[in-house]
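A.B. asks: Got data-v1.cif for you, mmCIF, C-alpha atoms (C1' of nucleotides); chains and numbers go by the auth columns:
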```cif
data_model
loop_
_atom_site.group_PDB
_atom_site.id
_atom_site.type_symbol
_atom_site.label_atom_id
_atom_site.label_comp_id
_atom_site.label_asym_id
_atom_site.label_seq_id
_atom_site.Cartn_x
_atom_site.Cartn_y
_atom_site.Cartn_z
_atom_site.B_iso_or_equiv
_atom_site.auth_seq_id
_atom_site.auth_asym_id
ATOM 1 C CA MET A 1 4.331 12.715 -15.038 0.00 1 A
ATOM 2 C CA VAL A 2 3.461 9.109 -14.326 0.00 2 A
ATOM 3 C CA ARG A 3 5.264 7.099 -16.936 0.00 3 A
ATOM 4 C CA GLY A 4 3.723 3.684 -17.135 0.00 4 A
ATOM 5 C CA LYS A 5 2.088 1.746 -14.402 0.00 5 A
ATOM 6 C CA THR A 6 3.737 2.157 -11.024 0.00 6 A
ATOM 7 C CA GLU A 7 4.953 -1.040 -9.486 0.00 7 A
ATOM 8 C CA ILE A 8 3.966 -1.516 -5.889 0.00 8 A
ATOM 9 C CA LYS A 9 7.293 -2.324 -4.328 0.00 9 A
ATOM 10 C CA LEU A 10 9.722 -0.514 -2.083 0.00 10 A
ATOM 11 C CA ILE A 11 10.989 2.751 -3.566 0.00 11 A
ATOM 12 C CA GLU A 12 14.739 2.525 -3.175 0.00 12 A
ATOM 13 C CA ASN A 13 15.542 6.187 -3.799 0.00 13 A
ATOM 14 C CA THR A 14 15.263 7.982 -0.480 0.00 14 A
ATOM 15 C CA THR A 15 14.076 11.326 -1.789 0.00 15 A
ATOM 16 C CA ARG A 16 11.447 9.799 -4.037 0.00 16 A
ATOM 17 C CA ARG A 17 10.314 7.527 -1.235 0.00 17 A
ATOM 18 C CA GLN A 18 9.880 10.408 1.182 0.00 18 A
ATOM 19 C CA VAL A 19 7.933 12.469 -1.320 0.00 19 A
ATOM 20 C CA THR A 20 5.693 9.531 -2.138 0.00 20 A
ATOM 21 C CA PHE A 21 5.223 8.875 1.575 0.00 21 A
ATOM 22 C CA SER A 22 4.014 12.403 2.127 0.00 22 A
ATOM 23 C CA LYS A 23 1.707 12.462 -0.887 0.00 23 A
ATOM 24 C CA ARG A 24 0.155 9.056 -0.321 0.00 24 A
ATOM 25 C CA ARG A 25 -0.239 9.592 3.404 0.00 25 A
ATOM 26 C CA SER A 26 -2.312 12.673 2.623 0.00 26 A
ATOM 27 C CA GLY A 27 -4.258 10.719 0.036 0.00 27 A
ATOM 28 C CA LEU A 28 -4.972 7.938 2.517 0.00 28 A
ATOM 29 C CA PHE A 29 -6.227 10.334 5.178 0.00 29 A
ATOM 30 C CA LYS A 30 -8.401 12.106 2.635 0.00 30 A
ATOM 31 C CA LYS A 31 -9.948 8.790 1.593 0.00 31 A
ATOM 32 C CA ALA A 32 -10.529 7.955 5.245 0.00 32 A
ATOM 33 C CA PHE A 33 -12.262 11.276 5.773 0.00 33 A
ATOM 34 C CA GLU A 34 -14.438 10.832 2.697 0.00 34 A
ATOM 35 C CA LEU A 35 -15.449 7.322 3.703 0.00 35 A
ATOM 36 C CA SER A 36 -16.503 8.491 7.155 0.00 36 A
ATOM 37 C CA LEU A 37 -18.549 11.362 5.817 0.00 37 A
ATOM 38 C CA LEU A 38 -20.174 9.621 2.838 0.00 38 A
ATOM 39 C CA CYS A 39 -21.116 6.519 4.800 0.00 39 A
ATOM 40 C CA ASP A 40 -21.431 7.717 8.388 0.00 40 A
ATOM 41 C CA ALA A 41 -18.634 5.413 9.485 0.00 41 A
ATOM 42 C CA GLU A 42 -15.985 5.840 12.128 0.00 42 A
ATOM 43 C CA VAL A 43 -12.577 5.601 10.587 0.00 43 A
ATOM 44 C CA ALA A 44 -9.082 5.771 11.968 0.00 44 A
ATOM 45 C CA ALA A 45 -5.791 5.419 10.173 0.00 45 A
ATOM 46 C CA ILE A 46 -2.407 5.107 11.791 0.00 46 A
ATOM 47 C CA VAL A 47 0.911 5.400 9.996 0.00 47 A
ATOM 48 C CA PHE A 48 4.416 4.964 11.296 0.00 48 A
ATOM 49 C CA SER A 49 7.205 6.185 9.076 0.00 49 A
ATOM 50 C CA PRO A 50 10.277 3.958 8.807 0.00 50 A
ATOM 51 C CA THR A 51 11.942 6.270 11.323 0.00 51 A
ATOM 52 C CA GLY A 52 9.109 5.740 13.761 0.00 52 A
ATOM 53 C CA ARG A 53 7.299 9.011 13.375 0.00 53 A
ATOM 54 C CA LEU A 54 3.560 8.726 13.976 0.00 54 A
ATOM 55 C CA TYR A 55 0.838 10.143 11.758 0.00 55 A
ATOM 56 C CA GLU A 56 -2.783 9.527 12.475 0.00 56 A
ATOM 57 C CA TYR A 57 -6.255 10.358 11.293 0.00 57 A
ATOM 58 C CA SER A 58 -9.470 9.899 13.185 0.00 58 A
ATOM 59 C CA SER A 59 -12.945 10.719 11.972 0.00 59 A
ATOM 60 C CA THR A 60 -14.085 11.252 15.516 0.00 60 A
ATOM 61 C CA ARG A 61 -12.986 13.358 18.388 0.00 61 A
ATOM 62 C CA HIS A 62 -12.783 11.360 21.560 0.00 62 A
ATOM 63 C CA ASP A 63 -12.085 12.706 24.986 0.00 63 A
ATOM 64 C CA PRO A 64 -8.680 11.594 26.090 0.00 64 A
ATOM 65 C CA LEU A 65 -8.737 8.919 28.695 0.00 65 A
ATOM 66 C CA SER A 66 -6.162 8.063 31.243 0.00 66 A
ATOM 67 C CA LEU A 67 -5.143 4.514 30.500 0.00 67 A
ATOM 68 C CA SER A 68 -2.967 2.102 32.345 0.00 68 A
ATOM 69 C CA LEU A 69 -2.107 -0.993 30.463 0.00 69 A
ATOM 70 C CA LYS A 70 -0.818 -4.276 31.725 0.00 70 A
ATOM 71 C CA ILE A 71 0.665 -6.557 29.128 0.00 71 A
ATOM 72 C CA SER A 72 1.465 -10.206 29.599 0.00 72 A
ATOM 73 C CA SER A 73 2.767 -12.554 26.940 0.00 73 A
ATOM 74 C CA MET B 1 -21.129 6.037 -14.580 0.00 1 B
ATOM 75 C CA VAL B 2 -19.965 8.913 -12.422 0.00 2 B
ATOM 76 C CA ARG B 3 -22.020 11.853 -13.498 0.00 3 B
ATOM 77 C CA GLY B 4 -20.345 15.006 -12.379 0.00 4 B
ATOM 78 C CA LYS B 5 -18.224 15.529 -9.359 0.00 5 B
ATOM 79 C CA THR B 6 -19.329 13.555 -6.314 0.00 6 B
ATOM 80 C CA GLU B 7 -20.165 15.674 -3.318 0.00 7 B
ATOM 81 C CA ILE B 8 -18.583 14.508 -0.104 0.00 8 B
ATOM 82 C CA LYS B 9 -21.598 14.407 2.161 0.00 9 B
ATOM 83 C CA LEU B 10 -23.721 11.694 3.706 0.00 10 B
ATOM 84 C CA ILE B 11 -25.323 9.438 1.107 0.00 11 B
ATOM 85 C CA GLU B 12 -28.964 9.319 2.139 0.00 12 B
ATOM 86 C CA ASN B 13 -29.997 6.337 0.017 0.00 13 B
ATOM 87 C CA THR B 14 -29.294 3.224 2.046 0.00 14 B
ATOM 88 C CA THR B 15 -28.471 0.907 -0.823 0.00 15 B
ATOM 89 C CA ARG B 16 -26.166 3.384 -2.496 0.00 16 B
ATOM 90 C CA ARG B 17 -24.504 4.149 0.837 0.00 17 B
ATOM 91 C CA GLN B 18 -23.830 0.479 1.535 0.00 18 B
ATOM 92 C CA VAL B 19 -22.383 -0.106 -1.907 0.00 19 B
ATOM 93 C CA THR B 20 -20.169 2.943 -1.594 0.00 20 B
ATOM 94 C CA PHE B 21 -19.095 1.834 1.888 0.00 21 B
ATOM 95 C CA SER B 22 -17.974 -1.510 0.587 0.00 22 B
ATOM 96 C CA LYS B 23 -16.138 -0.122 -2.429 0.00 23 B
ATOM 97 C CA ARG B 24 -14.403 2.716 -0.640 0.00 24 B
ATOM 98 C CA ARG B 25 -13.440 0.550 2.323 0.00 25 B
ATOM 99 C CA SER B 26 -11.654 -1.763 -0.100 0.00 26 B
ATOM 100 C CA GLY B 27 -10.068 1.217 -1.785 0.00 27 B
ATOM 101 C CA LEU B 28 -8.849 2.597 1.530 0.00 28 B
ATOM 102 C CA PHE B 29 -7.273 -0.695 2.571 0.00 29 B
ATOM 103 C CA LYS B 30 -5.606 -1.038 -0.800 0.00 30 B
ATOM 104 C CA LYS B 31 -4.113 2.439 -0.456 0.00 31 B
ATOM 105 C CA ALA B 32 -2.929 1.551 3.041 0.00 32 B
ATOM 106 C CA PHE B 33 -1.258 -1.574 1.714 0.00 33 B
ATOM 107 C CA GLU B 34 0.422 0.314 -1.120 0.00 34 B
ATOM 108 C CA LEU B 35 1.699 3.012 1.210 0.00 35 B
ATOM 109 C CA SER B 36 3.242 0.445 3.516 0.00 36 B
ATOM 110 C CA LEU B 37 4.952 -1.405 0.718 0.00 37 B
ATOM 111 C CA LEU B 38 6.155 1.558 -1.337 0.00 38 B
ATOM 112 C CA CYS B 39 7.496 3.449 1.643 0.00 39 B
ATOM 113 C CA ASP B 40 8.325 0.761 4.180 0.00 40 B
ATOM 114 C CA ALA B 41 5.816 2.177 6.643 0.00 41 B
ATOM 115 C CA GLU B 42 3.623 0.468 9.186 0.00 42 B
ATOM 116 C CA VAL B 43 0.019 1.270 8.474 0.00 43 B
ATOM 117 C CA ALA B 44 -3.221 0.354 10.156 0.00 44 B
ATOM 118 C CA ALA B 45 -6.741 1.368 9.268 0.00 45 B
ATOM 119 C CA ILE B 46 -9.815 0.771 11.359 0.00 46 B
ATOM 120 C CA VAL B 47 -13.377 1.203 10.169 0.00 47 B
ATOM 121 C CA PHE B 48 -16.615 0.864 12.058 0.00 48 B
ATOM 122 C CA SER B 49 -19.766 0.693 10.002 0.00 49 B
ATOM 123 C CA PRO B 50 -22.753 2.677 11.286 0.00 50 B
ATOM 124 C CA THR B 51 -24.100 -0.600 12.679 0.00 51 B
ATOM 125 C CA GLY B 52 -20.903 -1.139 14.614 0.00 52 B
ATOM 126 C CA ARG B 53 -19.294 -3.784 12.491 0.00 53 B
ATOM 127 C CA LEU B 54 -15.500 -3.677 12.556 0.00 54 B
ATOM 128 C CA TYR B 55 -13.213 -3.816 9.558 0.00 55 B
ATOM 129 C CA GLU B 56 -9.503 -3.463 9.889 0.00 56 B
ATOM 130 C CA TYR B 57 -6.299 -3.518 7.923 0.00 57 B
ATOM 131 C CA SER B 58 -2.811 -3.842 9.267 0.00 58 B
ATOM 132 C CA SER B 59 0.400 -3.890 7.286 0.00 59 B
ATOM 133 C CA THR B 60 2.069 -5.935 9.969 0.00 60 B
ATOM 134 C CA ARG B 61 1.353 -9.148 11.717 0.00 61 B
ATOM 135 C CA HIS B 62 1.753 -8.813 15.440 0.00 62 B
ATOM 136 C CA ASP B 63 1.570 -11.584 17.940 0.00 63 B
ATOM 137 C CA PRO B 64 -1.565 -11.232 19.979 0.00 64 B
ATOM 138 C CA LEU B 65 -0.979 -9.999 23.469 0.00 65 B
ATOM 139 C CA SER B 66 -3.057 -10.518 26.519 0.00 66 B
ATOM 140 C CA LEU B 67 -4.083 -7.068 27.620 0.00 67 B
ATOM 141 C CA SER B 68 -5.817 -5.846 30.694 0.00 68 B
ATOM 142 C CA LEU B 69 -6.882 -2.270 30.585 0.00 69 B
ATOM 143 C CA LYS B 70 -7.806 0.056 33.389 0.00 70 B
ATOM 144 C CA ILE B 71 -9.597 3.217 32.384 0.00 71 B
ATOM 145 C CA SER B 72 -10.093 6.215 34.608 0.00 72 B
ATOM 146 C CA SER B 73 -11.672 9.512 33.565 0.00 73 B
ATOM 147 C "C1'" DA C 1 11.316 21.184 1.889 0.00 1 C
ATOM 148 C "C1'" DA C 2 6.972 22.495 -0.096 0.00 2 C
ATOM 149 C "C1'" DC C 3 3.970 24.078 -3.983 0.00 3 C
ATOM 150 C "C1'" DA C 4 2.430 23.938 -9.081 0.00 4 C
ATOM 151 C "C1'" DC C 5 1.772 21.395 -13.309 0.00 5 C
ATOM 152 C "C1'" DT C 6 0.043 17.692 -16.072 0.00 6 C
ATOM 153 C "C1'" DA C 7 0.134 13.205 -18.438 0.00 7 C
ATOM 154 C "C1'" DT C 8 -1.308 9.174 -17.078 0.00 8 C
ATOM 155 C "C1'" DT C 9 -2.935 5.686 -14.097 0.00 9 C
ATOM 156 C "C1'" DT C 10 -6.272 4.444 -10.688 0.00 10 C
ATOM 157 C "C1'" DA C 11 -10.592 4.604 -8.274 0.00 11 C
ATOM 158 C "C1'" DT C 12 -15.193 4.514 -8.550 0.00 12 C
ATOM 159 C "C1'" DA C 13 -20.516 5.710 -9.551 0.00 13 C
ATOM 160 C "C1'" DA C 14 -24.003 4.110 -11.944 0.00 14 C
ATOM 161 C "C1'" DA C 15 -25.950 0.703 -14.630 0.00 15 C
ATOM 162 C "C1'" DG C 16 -26.620 -4.007 -16.219 0.00 16 C
ATOM 163 C "C1'" DG C 17 -26.576 -9.121 -15.478 0.00 17 C
ATOM 164 C "C1'" DT D 1 -26.162 -9.205 -3.055 0.00 1 D
ATOM 165 C "C1'" DC D 2 -22.202 -9.760 -5.933 0.00 2 D
ATOM 166 C "C1'" DC D 3 -19.674 -9.371 -10.491 0.00 3 D
ATOM 167 C "C1'" DT D 4 -18.808 -6.724 -14.803 0.00 4 D
ATOM 168 C "C1'" DT D 5 -18.627 -2.756 -17.587 0.00 5 D
ATOM 169 C "C1'" DT D 6 -17.396 1.835 -18.643 0.00 6 D
ATOM 170 C "C1'" DA D 7 -17.562 6.834 -18.432 0.00 7 D
ATOM 171 C "C1'" DT D 8 -15.690 9.974 -15.653 0.00 8 D
ATOM 172 C "C1'" DA D 9 -13.596 11.986 -11.539 0.00 9 D
ATOM 173 C "C1'" DA D 10 -9.671 11.722 -8.567 0.00 10 D
ATOM 174 C "C1'" DA D 11 -4.965 10.539 -7.307 0.00 11 D
ATOM 175 C "C1'" DT D 12 -0.468 10.821 -8.249 0.00 12 D
ATOM 176 C "C1'" DA D 13 4.747 10.325 -10.413 0.00 13 D
ATOM 177 C "C1'" DG D 14 7.806 12.937 -12.333 0.00 14 D
ATOM 178 C "C1'" DT D 15 9.199 17.488 -13.331 0.00 15 D
ATOM 179 C "C1'" DG D 16 9.994 22.202 -12.576 0.00 16 D
ATOM 180 C "C1'" DT D 17 10.426 26.413 -9.279 0.00 17 D
#
```
In structure tokens, write the structure found in this file.
C.D. replies:
Amino acid sequence: MVRGKTEIKLIENTTRRQVTFSKRRSGLFKKAFELSLLCDAEVAAIVFSPTGRLYEYSSTRHDPLSLSLKISS
Amino acid sequence: MVRGKTEIKLIENTTRRQVTFSKRRSGLFKKAFELSLLCDAEVAAIVFSPTGRLYEYSSTRHDPLSLSLKISS
DNA sequence: AACACTATTTATAAAGG
DNA sequence: TCCTTTATAAATAGTGT
């Protein structure tokens, strides 16, 4: 149960890192939700796991749009 | 100093709401930073204030791209 | 993997300068 | 408005199931 101050640096142990990822991701999205509601703000949070999985939170529902994107350097 | 549990609903008082917005926005970005570092994740958070001001956090520096966007319904 | 527990750290609301 | 203080609520690391 939380021994000592946690250092903010990469968690080497895979299992611990995954558990922390899940817990803190939830915590982040909760904070985002609270901020939007308390302060009438629009908030979005986007998280990519190291394996490229996407997790996202948005305070607002938006109708999906059809986008075509042209990217030049 | 924090009397009782804070209800998560719109803060009506403008001054209090602005102070809370500032504090919690910082808190959110800090959590985003910690998540990215602890778990090697890419994290972005975007906040619009009620007046439309933009605040953003990104765990990663990306080269700016020139984008042209075509939106159809 | 996902839930429960809980000691402890961390965030933060309100107040004061 | 911005910093500091501090009491208290909230998040969470490690453990157990």
A.B. asks: Neighbours of range 6-17 of chain C within 12 Å (only C-alpha atoms (C1' of nucleotides); same-chain residues fewer than 5 positions away dropped), as a count of residues only?
C.D. replies: 44
A.B. asks: In Å, how far is it from CA of Gln18 in chain A to CA of Val47 in chain A?
C.D. replies: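 Spanning CA of Gln18 in chain A to CA of Val47 in chain A is a straight-line distance of 13.5 Å.
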A.B. asks: Between CA of Ala45 in chain B and CA of Ser68 in chain B, measure the distance and give it in Å to one decimal.
C.D. replies: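 Atom-to-atom, CA of Ala45 in chain B and CA of Ser68 in chain B are spaced 22.6 Å apart.
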A.B. asks: Set the distance at 12 Å and use only C-alpha atoms (C1' of nucleotides): which residues neighbour DT17 in chain D once local chain neighbours fewer than 5 positions away are removed? I'd like the list as a ChimeraX atom specification.
C.D. replies: /C:2-5
A.B. asks: Would you write out, as a ChimeraX atom specification, every residue that the PyMOL selection byres ((chain B) within 7 of (chain A)) captures in this file?
C.D. replies: /B:8-11,17,21,24,28,31-32,34-35,37-50,65-73
